[in-house]
Number of protein chains: 6
Amino acid sequence: MNPIFLKKVLELYILEDSYFSDITTEAIGSNRKVTGTIRAKEDFMLAGSIFIEPLFQIFGRPYSVEIFKNEGEWIKKGETIAKIEAEDRVVLTAERICLNILQRLSGIATKTRNLSNLIKDYKAEIVDTRKTTPGFRFFEKYAVKVGGGVNHRIGLFDAALIKDNHIKAAGSIKRAIEMVKRNCSFTTKIEVECENEEMVAEAIENGADIVMLDNMSVEDMSKVIKKFEGKVIFEASGNIDENNIVDVAKTGVDFISLGSLTHHACWVDINMKLE
Amino acid sequence: MNPIFLKKVLELYILEDSYFSDITTEAIGSNRKVTGTIRAKEDFMLAGSIFIEPLFQIFGRPYSVEIFKNEGEWIKKGETIAKIEAEDRVVLTAERICLNILQRLSGIATKTRNLSNLIKDYKAEIVDTRKTTPGFRFFEKYAVKVGGGVNHRIGLFDAALIKDNHIKAAGSIKRAIEMVKRNCSFTTKIEVECENEEMVAEAIENGADIVMLDNMSVEDMSKVIKKFEGKVIFEASGNIDENNIVDVAKTGVDFISLGSLTHHACWVDINMKLE
Amino acid sequence: MNPIFLKKVLELYILEDSYFSDITTEAIGSNRKVTGTIRAKEDFMLAGSIFIEPLFQIFGRPYSVEIFKNEGEWIKKGETIAKIEAEDRVVLTAERICLNILQRLSGIATKTRNLSNLIKDYKAEIVDTRKTTPGFRFFEKYAVKVGGGVNHRIGLFDAALIKDNHIKAAGSIKRAIEMVKRNCSFTTKIEVECENEEMVAEAIENGADIVMLDNMSVEDMSKVIKKFEGKVIFEASGNIDENNIVDVAKTGVDFISLGSLTHHACWVDINMKLE
Amino acid sequence: MNPIFLKKVLELYILEDSYFSDITTEAIGSNRKVTGTIRAKEDFMLAGSIFIEPLFQIFGRPYSVEIFKNEGEWIKKGETIAKIEAEDRVVLTAERICLNILQRLSGIATKTRNLSNLIKDYKAEIVDTRKTTPGFRFFEKYAVKVGGGVNHRIGLFDAALIKDNHIKAAGSIKRAIEMVKRNCSFTTKIEVECENEEMVAEAIENGADIVMLDNMSVEDMSKVIKKFEGKVIFEASGNIDENNIVDVAKTGVDFISLGSLTHHACWVDINMKLE
Amino acid sequence: MNPIFLKKVLELYILEDSYFSDITTEAIGSNRKVTGTIRAKEDFMLAGSIFIEPLFQIFGRPYSVEIFKNEGEWIKKGETIAKIEAEDRVVLTAERICLNILQRLSGIATKTRNLSNLIKDYKAEIVDTRKTTPGFRFFEKYAVKVGGGVNHRIGLFDAALIKDNHIKAAGSIKRAIEMVKRNCSFTTKIEVECENEEMVAEAIENGADIVMLDNMSVEDMSKVIKKFEGKVIFEASGNIDENNIVDVAKTGVDFISLGSLTHHACWVDINMKLE
Amino acid sequence: MNPIFLKKVLELYILEDSYFSDITTEAIGSNRKVTGTIRAKEDFMLAGSIFIEPLFQIFGRPYSVEIFKNEGEWIKKGETIAKIEAEDRVVLTAERICLNILQRLSGIATKTRNLSNLIKDYKAEIVDTRKTTPGFRFFEKYAVKVGGGVNHRIGLFDAALIKDNHIKAAGSIKRAIEMVKRNCSFTTKIEVECENEEMVAEAIENGADIVMLDNMSVEDMSKVIKKFEGKVIFEASGNIDENNIVDVAKTGVDFISLGSLTHHACWVDINMKLE
């Protein structure tokens, strides 16, 4: 993330939690240096440790951060992830935000990696969606990458995705693609959400870069992918989970998107102890 | 939520997703009025519907919102939650944020209600924590209330919670409470995190309003609560889940806090269809 | 104050005064180091000196600040409070904001201390109100603490204060307290504004933490406080000043709130000389 | 004030007080329409009533505001200043900010008018300074105008004021004026702070538009003003109060600046009652 | 543009110009309705008229806007483009910003159309660059589209463009493309800046979507395009102007980018008269 | 420019271009130090080099900037202007914004100097207008000064300019000046737009500081200036360009304003090479 953008977002998170003051710490905290040790309380894949340093930098007070593990590394329960040395008032105020980021992101990375492992023998890659927590998307999408997934578009601004309602509004897939081409940058990929072979054919004919096979059966996907192989990128989407992901991967699809990477990932257990 | 604050936060969420433009919708969308129907795709407790109207208001275009269900009402799969009538370009751009809020908040309310139902025969009430998604706390805490839970402090600014590290920094519980009283408003409650009876005794003696029984055994909690009954509010915290919550409630504790209300709640399934 | 919050507020104050430029200083100022000496021009209690260092830090240029007096210390006319060494263009631009903060805050601390001295033989403590200058509240409330006063709630967000109009809207004190308990955090204290003994009784019965005795006569206050001693915290409010504060303190009340701490405090005289 | 600027500043004031919520009102308030009546509790000159309407508009809810008095009008104790009809939750949340603005601004206007009345038989006009409360300057300067005073420069950005330290940095008044002329817009007036006749002479010779007679005796001022009459605008500044302002006015000076207009003005007493 | 984003940017422009007040208009302006008529003072292609209505809406006062011409329409000297009816103080304050937007954007559209007309018999389309005025890019890129051009990426965030320095940092084109694919969304197009046939070959082999032919001769471009026809999108870039654009188009290139669309476009002459 | 203001504006420019990330550089860039050399690709007058250092400082990473030329110095094609050493990812992300600022500002300075050279034998000085690119005014006005021009008022807030529509609204020039004097600071200059001798006479009589001779013939200007010499500052405005500027200067006017300084200035050619 752009360092200026990151700083602004982290400041918002600190202000959300502290507003004008961490009143307990302001009453008791001091300039005394303490060391906070961040430890895993269960096994998981680490994500988010790159944000620890920028978080503590924001306070504008002397500090040092030591990270012992790599992003994307599997951590065992009890292992030390990082040590932060800073004034106790800084550590006490920043502790929860720091952990909230690590716990949420590591949870997403772990879930992503577990799912992508299931299909590691196939071409298909795991992809996220825009089903992210409002205000925290950029971090959640980053965690998917750490977990071995691939990002779908970041938001509504960096790729065109023509959905059923866009097609209805435009009149046809052909017309919708034309309208997007006229309005969007030529550097923008165009994806079309398709529900059957006919739609796929029309999308490809008119220059779609990616076709989303939306809620199609494994059989229909296989057929369509075989028929149009090499002509477009295929993304499978809709109701895919642990149980059917391998079948979907077997269709030869390029990308499989799962909202559950973000909306069904639980936090992992991490804590910080002060010495 | 304060309407001015709410507007500013919702604007941030829209800008996060769209930045300068929803490029697909800008290419294709129009002023044509459409109706988006929000429907449940599984059973759950509804939370977040009060944010639909402010979200659509922000776009500054004509719209109407009709809500068919109440916050905190159990929704059955297939039921209609709300209908929004607005220009297609507004509905297409706002759809995902609207659903992200509803799905996440309803997931939290549902989890909260299910947990609080387990202890409905006891005095104890369910309480949330500061383990919330950065940037989305106020919404998540609201959903806990909808689900029948009670909020713990909103952030570091609205109540004093003296933790182990604060006690260490101050030298003793007595000294820590004194420091907080001198610095904080007399309208601020003071809670002390205690690990044993001695600490509880010291906290109560020095005027704590609330004692957090942190990671204590059910037996120890029972004993302490009996001993100091009526002298302070008791909150049980640490490693409490579906399996032991009833035992904890039986101790006579006033509040039981669970990070899992927010960090282990999954999204419920809701979609929007346009006509 | 949270250092990130403080920085943002100080930046607003600098931009209010300078907008795009201090045009005189931009024309004439240079990188030449100068020393600004801040001196008292009358006797007063010092408050605000902790903001000098953060203020100069914001400019992002080399500087050093030396503070010779403590917050809450009585300063004599002619004494040196602080010395700042920095580039002349920084000192010239920051001078007035620095003095505005010191003069206003020291004025409030002085007034607060003078009033609290009047009742130093009684239990009662002096409390501020929300009658603060818009945009400057956190600083003004801080000065009250420096002057030996206690803060009332910081704003509408950190404690519940049920006033006459809330009672009317709810239907009764009982109902109002119930509604607040259901909606607010259990860590939030509830205060009820009462005008007579009956209201006080109802407030206490229903669990109020604090009772505000609003515009009651000294006799009535004495009676009520005696009757309900130990059951609640009592705050006296309304038309209290130098003339009657001792009488109010004699009632045994816990806190006495005075809007005049902030709205009738005048600035003390402080200047800065450059060498 | 520019309506967009005004809206942003008023929003800051509301957020300062309420942050995410007026928790009491959110628990109890409703959509029920109430009427708030603003009344004078002492005699004063009114200022700030023009901000009532924009303040209530910000909440984005139905409201009506009726103002019964004019800005700058003398109000008698007990008179009604304005009536606001809006939902009770809006009125309860906005009440204090509304009053804080009115009480502070009316206090300044009243003080200004009382001082300017003292010299109403002379040419001299009363002028404010940059000694304003951080974050509230534009409002305070507005109140001075309502009270019959004249504004000095609004901030460091809209006029050049060459002070002793600027003169030292530049080397001479001549050089300082040259530097300002080269750097600032030709539409900018240049004022020079002078302590004696020689400095005044140098300032005028080099094109100063205004000369500030800083802390000079009444005799010296008279002499200088007579000598250079018609060649420049004269402003008297420093240690001027009720006791000596008439003597200063008699010197023939054009403007008399007093920090006390803002820093020694107390709030007037105004309240709001709900029906 | 997203309406929320647009509102925020237009507010910044108004505040840049007015800060706290349009002081002349505040002194003289009133609620009197006036009609401002916007007229062309030379011939040009119109762009920017869609921003007039949002600009006046921001002031929050009654207004009506009537637009007589279409975006992208050729306007003749003397023709009326739009009429705005609003309070005189609103029209006087908004006038210059309104014209600045129209004059700059129409200038860009006109230049773009003139250049694209030169190559209207060829496949090639005109493309803009990131050489835009800081703070005004989204408007300038919009004007290029109105003028019949196509947008290149909007910023650094919505497409990957691998330049010579990226290739050096990565070690090779192959490695650079791999790194981008691993880090960026699969919905992101990848463009590679190439200076010769070898680089083009390596870029295509490794999956580049677009090849920028950077500062290559017309002959070299022709050769390369012929050789790799249909395998990639070709963009010609560097030192292209009125004199050689037809020759470049003849090479069969898909897109021709010109910084001059934005950095050598002059404003057209438009004024507003009040009745 | 005020360093805090400058930082905020530069941050906006970086975020405009990068939003959440420079995705190419984030994929490929590293901490490796590189040196970027900024060179002139044509002859021009340099402006904007003072912003290079603050721009790189914002990234919060180690860097050094060396500037080899002075603001306002004539640069020859091929000469080195500056060298920046920083991490490659910082240089790659900041490069375009850095050049956009330099190219645009140097273009304005060059045009301004060329025009002012034409009239260097006359008293008249070149003045800019408010016809600047929205969001970039402070930089463009700065470049005019570098090129030897003088700034007109910066915005609507720092000087009063009474135009035809203000006169109409007020009823007469006399009345308009009175209204401005009553409302604006006495430190504010008042300029009146005049179209003939009568208007000039009325403006001067009533205390205008500056008279703008708007679209008057050279003959009429000469006459008016002669008649009222020494009584007011004269500014010529409207349809002045290279062809008639000398004639206008000959009238004895003090300032000549030209919108073309900003709206007809083209960018100069500058690039950055990395080693």
# chains A, B, ... in the order shown; residues from 1 in each chain; ligands from 1
$ interface_residues --of "chain A" --to "chain B" --cutoff "6 Å" --atoms "only C-alpha atoms" --output "list in words"
Tyr13, Asp17, Ser18, Ser21, Asp22, Ile23, Thr24, Ala27, Pro134, Gly135, Gly155, Leu156, Phe157, Ala160, Met179, Val180, Asn183, His263, His264, Cys266 and Trp267 of chain A
$ write_last_selection --atoms "N, CA and C atoms" --output "PDB file, in the first residue's frame"
ATOM      1  N   TYR A  13      -8.046   4.355  12.153  1.00  0.00           N
ATOM      2  CA  TYR A  13      -8.292   3.221  13.057  1.00  0.00           C
ATOM      3  C   TYR A  13      -7.937   3.592  14.503  1.00  0.00           C
ATOM      4  N   ASP A  17     -10.722   4.112  17.812  1.00  0.00           N
ATOM      5  CA  ASP A  17     -10.611   3.457  19.116  1.00  0.00           C
ATOM      6  C   ASP A  17     -10.368   4.451  20.261  1.00  0.00           C
ATOM      7  N   SER A  18      -9.555   5.454  20.018  1.00  0.00           N
ATOM      8  CA  SER A  18      -9.127   6.360  21.097  1.00  0.00           C
ATOM      9  C   SER A  18      -9.829   7.716  21.088  1.00  0.00           C
ATOM     10  N   SER A  21      -8.547  10.433  23.432  1.00  0.00           N
ATOM     11  CA  SER A  21      -7.625   9.937  24.463  1.00  0.00           C
ATOM     12  C   SER A  21      -7.908   8.480  24.837  1.00  0.00           C
ATOM     13  N   ASP A  22      -6.860   7.730  25.111  1.00  0.00           N
ATOM     14  CA  ASP A  22      -6.969   6.461  25.838  1.00  0.00           C
ATOM     15  C   ASP A  22      -6.912   6.885  27.309  1.00  0.00           C
ATOM     16  N   ILE A  23      -8.073   7.059  27.904  1.00  0.00           N
ATOM     17  CA  ILE A  23      -8.118   7.763  29.196  1.00  0.00           C
ATOM     18  C   ILE A  23      -7.427   6.995  30.326  1.00  0.00           C
ATOM     19  N   THR A  24      -7.485   5.687  30.272  1.00  0.00           N
ATOM     20  CA  THR A  24      -6.820   4.901  31.314  1.00  0.00           C
ATOM     21  C   THR A  24      -5.307   5.076  31.209  1.00  0.00           C
ATOM     22  N   ALA A  27      -3.957   8.410  32.184  1.00  0.00           N
ATOM     23  CA  ALA A  27      -3.892   8.594  33.638  1.00  0.00           C
ATOM     24  C   ALA A  27      -2.693   7.879  34.245  1.00  0.00           C
ATOM     25  N   PRO A 134     -16.645  -3.180   5.332  1.00  0.00           N
ATOM     26  CA  PRO A 134     -16.508  -1.760   4.970  1.00  0.00           C
ATOM     27  C   PRO A 134     -15.432  -1.067   5.810  1.00  0.00           C
ATOM     28  N   GLY A 135     -14.545  -0.360   5.153  1.00  0.00           N
ATOM     29  CA  GLY A 135     -13.486   0.353   5.856  1.00  0.00           C
ATOM     30  C   GLY A 135     -12.203  -0.437   6.018  1.00  0.00           C
ATOM     31  N   GLY A 155     -11.937  -2.639  -6.472  1.00  0.00           N
ATOM     32  CA  GLY A 155     -13.205  -1.959  -6.231  1.00  0.00           C
ATOM     33  C   GLY A 155     -13.913  -1.738  -7.551  1.00  0.00           C
ATOM     34  N   LEU A 156     -14.840  -0.828  -7.545  1.00  0.00           N
ATOM     35  CA  LEU A 156     -15.628  -0.558  -8.746  1.00  0.00           C
ATOM     36  C   LEU A 156     -14.851   0.271  -9.760  1.00  0.00           C
ATOM     37  N   PHE A 157     -13.649   0.677  -9.390  1.00  0.00           N
ATOM     38  CA  PHE A 157     -12.920   1.671 -10.181  1.00  0.00           C
ATOM     39  C   PHE A 157     -11.804   1.107 -11.051  1.00  0.00           C
ATOM     40  N   ALA A 160     -13.816  -3.398 -15.213  1.00  0.00           N
ATOM     41  CA  ALA A 160     -15.244  -3.348 -15.534  1.00  0.00           C
ATOM     42  C   ALA A 160     -15.811  -4.751 -15.401  1.00  0.00           C
ATOM     43  N   MET A 179     -20.417   0.003 -24.768  1.00  0.00           N
ATOM     44  CA  MET A 179     -20.521   1.183 -23.911  1.00  0.00           C
ATOM     45  C   MET A 179     -19.332   1.266 -22.952  1.00  0.00           C
ATOM     46  N   VAL A 180     -18.922   0.154 -22.431  1.00  0.00           N
ATOM     47  CA  VAL A 180     -17.772   0.158 -21.531  1.00  0.00           C
ATOM     48  C   VAL A 180     -16.512   0.554 -22.288  1.00  0.00           C
ATOM     49  N   ASN A 183     -16.289   4.225 -22.801  1.00  0.00           N
ATOM     50  CA  ASN A 183     -16.156   5.053 -21.602  1.00  0.00           C
ATOM     51  C   ASN A 183     -14.921   4.789 -20.768  1.00  0.00           C
ATOM     52  N   HIS A 263     -15.648 -13.399   4.143  1.00  0.00           N
ATOM     53  CA  HIS A 263     -16.809 -13.301   5.035  1.00  0.00           C
ATOM     54  C   HIS A 263     -17.057 -14.538   5.899  1.00  0.00           C
ATOM     55  N   HIS A 264     -16.281 -15.591   5.698  1.00  0.00           N
ATOM     56  CA  HIS A 264     -16.369 -16.722   6.609  1.00  0.00           C
ATOM     57  C   HIS A 264     -15.027 -17.063   7.262  1.00  0.00           C
ATOM     58  N   CYS A 266     -12.514 -16.655  10.283  1.00  0.00           N
ATOM     59  CA  CYS A 266     -12.532 -16.229  11.679  1.00  0.00           C
ATOM     60  C   CYS A 266     -11.131 -15.762  12.093  1.00  0.00           C
ATOM     61  N   TRP A 267     -11.101 -14.979  13.146  1.00  0.00           N
ATOM     62  CA  TRP A 267      -9.817 -14.481  13.632  1.00  0.00           C
ATOM     63  C   TRP A 267      -9.015 -15.627  14.241  1.00  0.00           C
TER      64      TRP A 267
END
$ residues_around --residues "Ser222 (chain C)" --least-positions-apart "5" --cutoff "10 Å" --atoms "only C-alpha atoms" --output "PyMOL selection string"
chain C and resi 216-217+227+247-253
$ write_last_selection --atoms "all heavy atoms" --output "mmCIF file, in the first residue's frame"
data_model
loop_
_atom_site.group_PDB
_atom_site.id
_atom_site.type_symbol
_atom_site.label_atom_id
_atom_site.label_comp_id
_atom_site.auth_asym_id
_atom_site.auth_seq_id
_atom_site.Cartn_x
_atom_site.Cartn_y
_atom_site.Cartn_z
ATOM 1 N N MET C 216 -31.475 23.812 42.923
ATOM 2 C CA MET C 216 -32.187 23.644 44.190
ATOM 3 C C MET C 216 -31.593 24.584 45.249
ATOM 4 O O MET C 216 -30.437 24.967 45.186
ATOM 5 C CB MET C 216 -32.096 22.201 44.667
ATOM 6 C CG MET C 216 -33.043 21.278 43.884
ATOM 7 S SD MET C 216 -32.780 19.516 44.218
ATOM 8 C CE MET C 216 -33.225 19.439 45.960
ATOM 9 N N SER C 217 -32.385 24.941 46.233
ATOM 10 C CA SER C 217 -31.890 25.809 47.304
ATOM 11 C C SER C 217 -30.909 25.016 48.159
ATOM 12 O O SER C 217 -30.922 23.775 48.174
ATOM 13 C CB SER C 217 -33.049 26.288 48.175
ATOM 14 O OG SER C 217 -33.529 25.189 48.929
ATOM 15 N N LYS C 227 -30.673 12.657 53.411
ATOM 16 C CA LYS C 227 -31.624 11.533 53.307
ATOM 17 C C LYS C 227 -31.059 10.359 52.510
ATOM 18 O O LYS C 227 -31.277 9.202 52.845
ATOM 19 C CB LYS C 227 -32.905 12.043 52.638
ATOM 20 C CG LYS C 227 -33.953 10.961 52.473
ATOM 21 C CD LYS C 227 -35.351 11.521 52.388
ATOM 22 C CE LYS C 227 -36.365 10.389 52.328
ATOM 23 N NZ LYS C 227 -37.719 10.910 52.092
ATOM 24 N N ASP C 247 -21.477 27.779 50.806
ATOM 25 C CA ASP C 247 -22.749 27.263 51.323
ATOM 26 C C ASP C 247 -23.140 25.968 50.632
ATOM 27 O O ASP C 247 -23.624 25.029 51.249
ATOM 28 C CB ASP C 247 -23.869 28.303 51.126
ATOM 29 C CG ASP C 247 -23.658 29.520 52.016
ATOM 30 O OD1 ASP C 247 -22.996 29.367 53.066
ATOM 31 O OD2 ASP C 247 -24.138 30.614 51.657
ATOM 32 N N VAL C 248 -22.925 25.950 49.349
ATOM 33 C CA VAL C 248 -23.250 24.728 48.597
ATOM 34 C C VAL C 248 -22.352 23.584 49.061
ATOM 35 O O VAL C 248 -22.815 22.457 49.283
ATOM 36 C CB VAL C 248 -23.098 24.959 47.082
ATOM 37 C CG1 VAL C 248 -23.295 23.659 46.314
ATOM 38 C CG2 VAL C 248 -24.103 26.010 46.592
ATOM 39 N N ALA C 249 -21.081 23.866 49.247
ATOM 40 C CA ALA C 249 -20.146 22.828 49.685
ATOM 41 C C ALA C 249 -20.547 22.266 51.049
ATOM 42 O O ALA C 249 -20.403 21.067 51.306
ATOM 43 C CB ALA C 249 -18.721 23.380 49.741
ATOM 44 N N LYS C 250 -21.045 23.134 51.890
ATOM 45 C CA LYS C 250 -21.450 22.696 53.234
ATOM 46 C C LYS C 250 -22.601 21.686 53.229
ATOM 47 O O LYS C 250 -22.841 20.994 54.219
ATOM 48 C CB LYS C 250 -21.887 23.925 54.054
ATOM 49 C CG LYS C 250 -20.716 24.750 54.555
ATOM 50 C CD LYS C 250 -21.212 25.943 55.373
ATOM 51 C CE LYS C 250 -20.045 26.786 55.878
ATOM 52 N NZ LYS C 250 -20.504 28.098 56.382
ATOM 53 N N THR C 251 -23.331 21.611 52.129
ATOM 54 C CA THR C 251 -24.448 20.652 52.072
ATOM 55 C C THR C 251 -23.957 19.210 52.065
ATOM 56 O O THR C 251 -24.742 18.290 52.199
ATOM 57 C CB THR C 251 -25.281 20.846 50.793
ATOM 58 O OG1 THR C 251 -24.423 20.573 49.680
ATOM 59 C CG2 THR C 251 -25.852 22.241 50.694
ATOM 60 N N GLY C 252 -22.639 19.027 51.846
ATOM 61 C CA GLY C 252 -22.120 17.670 51.778
ATOM 62 C C GLY C 252 -22.148 17.094 50.371
ATOM 63 O O GLY C 252 -21.863 15.917 50.150
ATOM 64 N N VAL C 253 -22.441 17.964 49.393
ATOM 65 C CA VAL C 253 -22.489 17.516 48.001
ATOM 66 C C VAL C 253 -21.093 17.039 47.552
ATOM 67 O O VAL C 253 -20.073 17.480 48.088
ATOM 68 C CB VAL C 253 -23.012 18.671 47.107
ATOM 69 C CG1 VAL C 253 -21.917 19.703 46.876
ATOM 70 C CG2 VAL C 253 -23.553 18.158 45.792
#
$ residues_around --residues "region 49-57 of chain C" --least-positions-apart "4" --cutoff "8 Å" --atoms "only C-alpha atoms" --output "list of chain:residue names"
C:Lys7, C:Leu10, C:Arg61, C:Tyr63, C:Ser64, C:Val65, C:Ile67, C:Asn70, C:Glu71, C:Val90, C:Ala94, C:Cys98, C:Leu102
$ select_by_dssp --residues "region 2-204 of chain E" --states "strand (DSSP E)" --output "ChimeraX atom specification"
/E:33-40,44-45,63-67,74-75,80-87,125-127,160-162,190-194
$ atom_distance --atom1 "CA of Gly230 (chain F)" --atom2 "CA of Ile225 (chain D)"
22.2 Å
$ select_by_dssp --residues "region 35-228 of chain B" --states "alpha helix (DSSP H)" --output "number ranges by chain"
B: 52-57, 88-118, 137-146, 164-170, 173-183, 197-205, 218-227
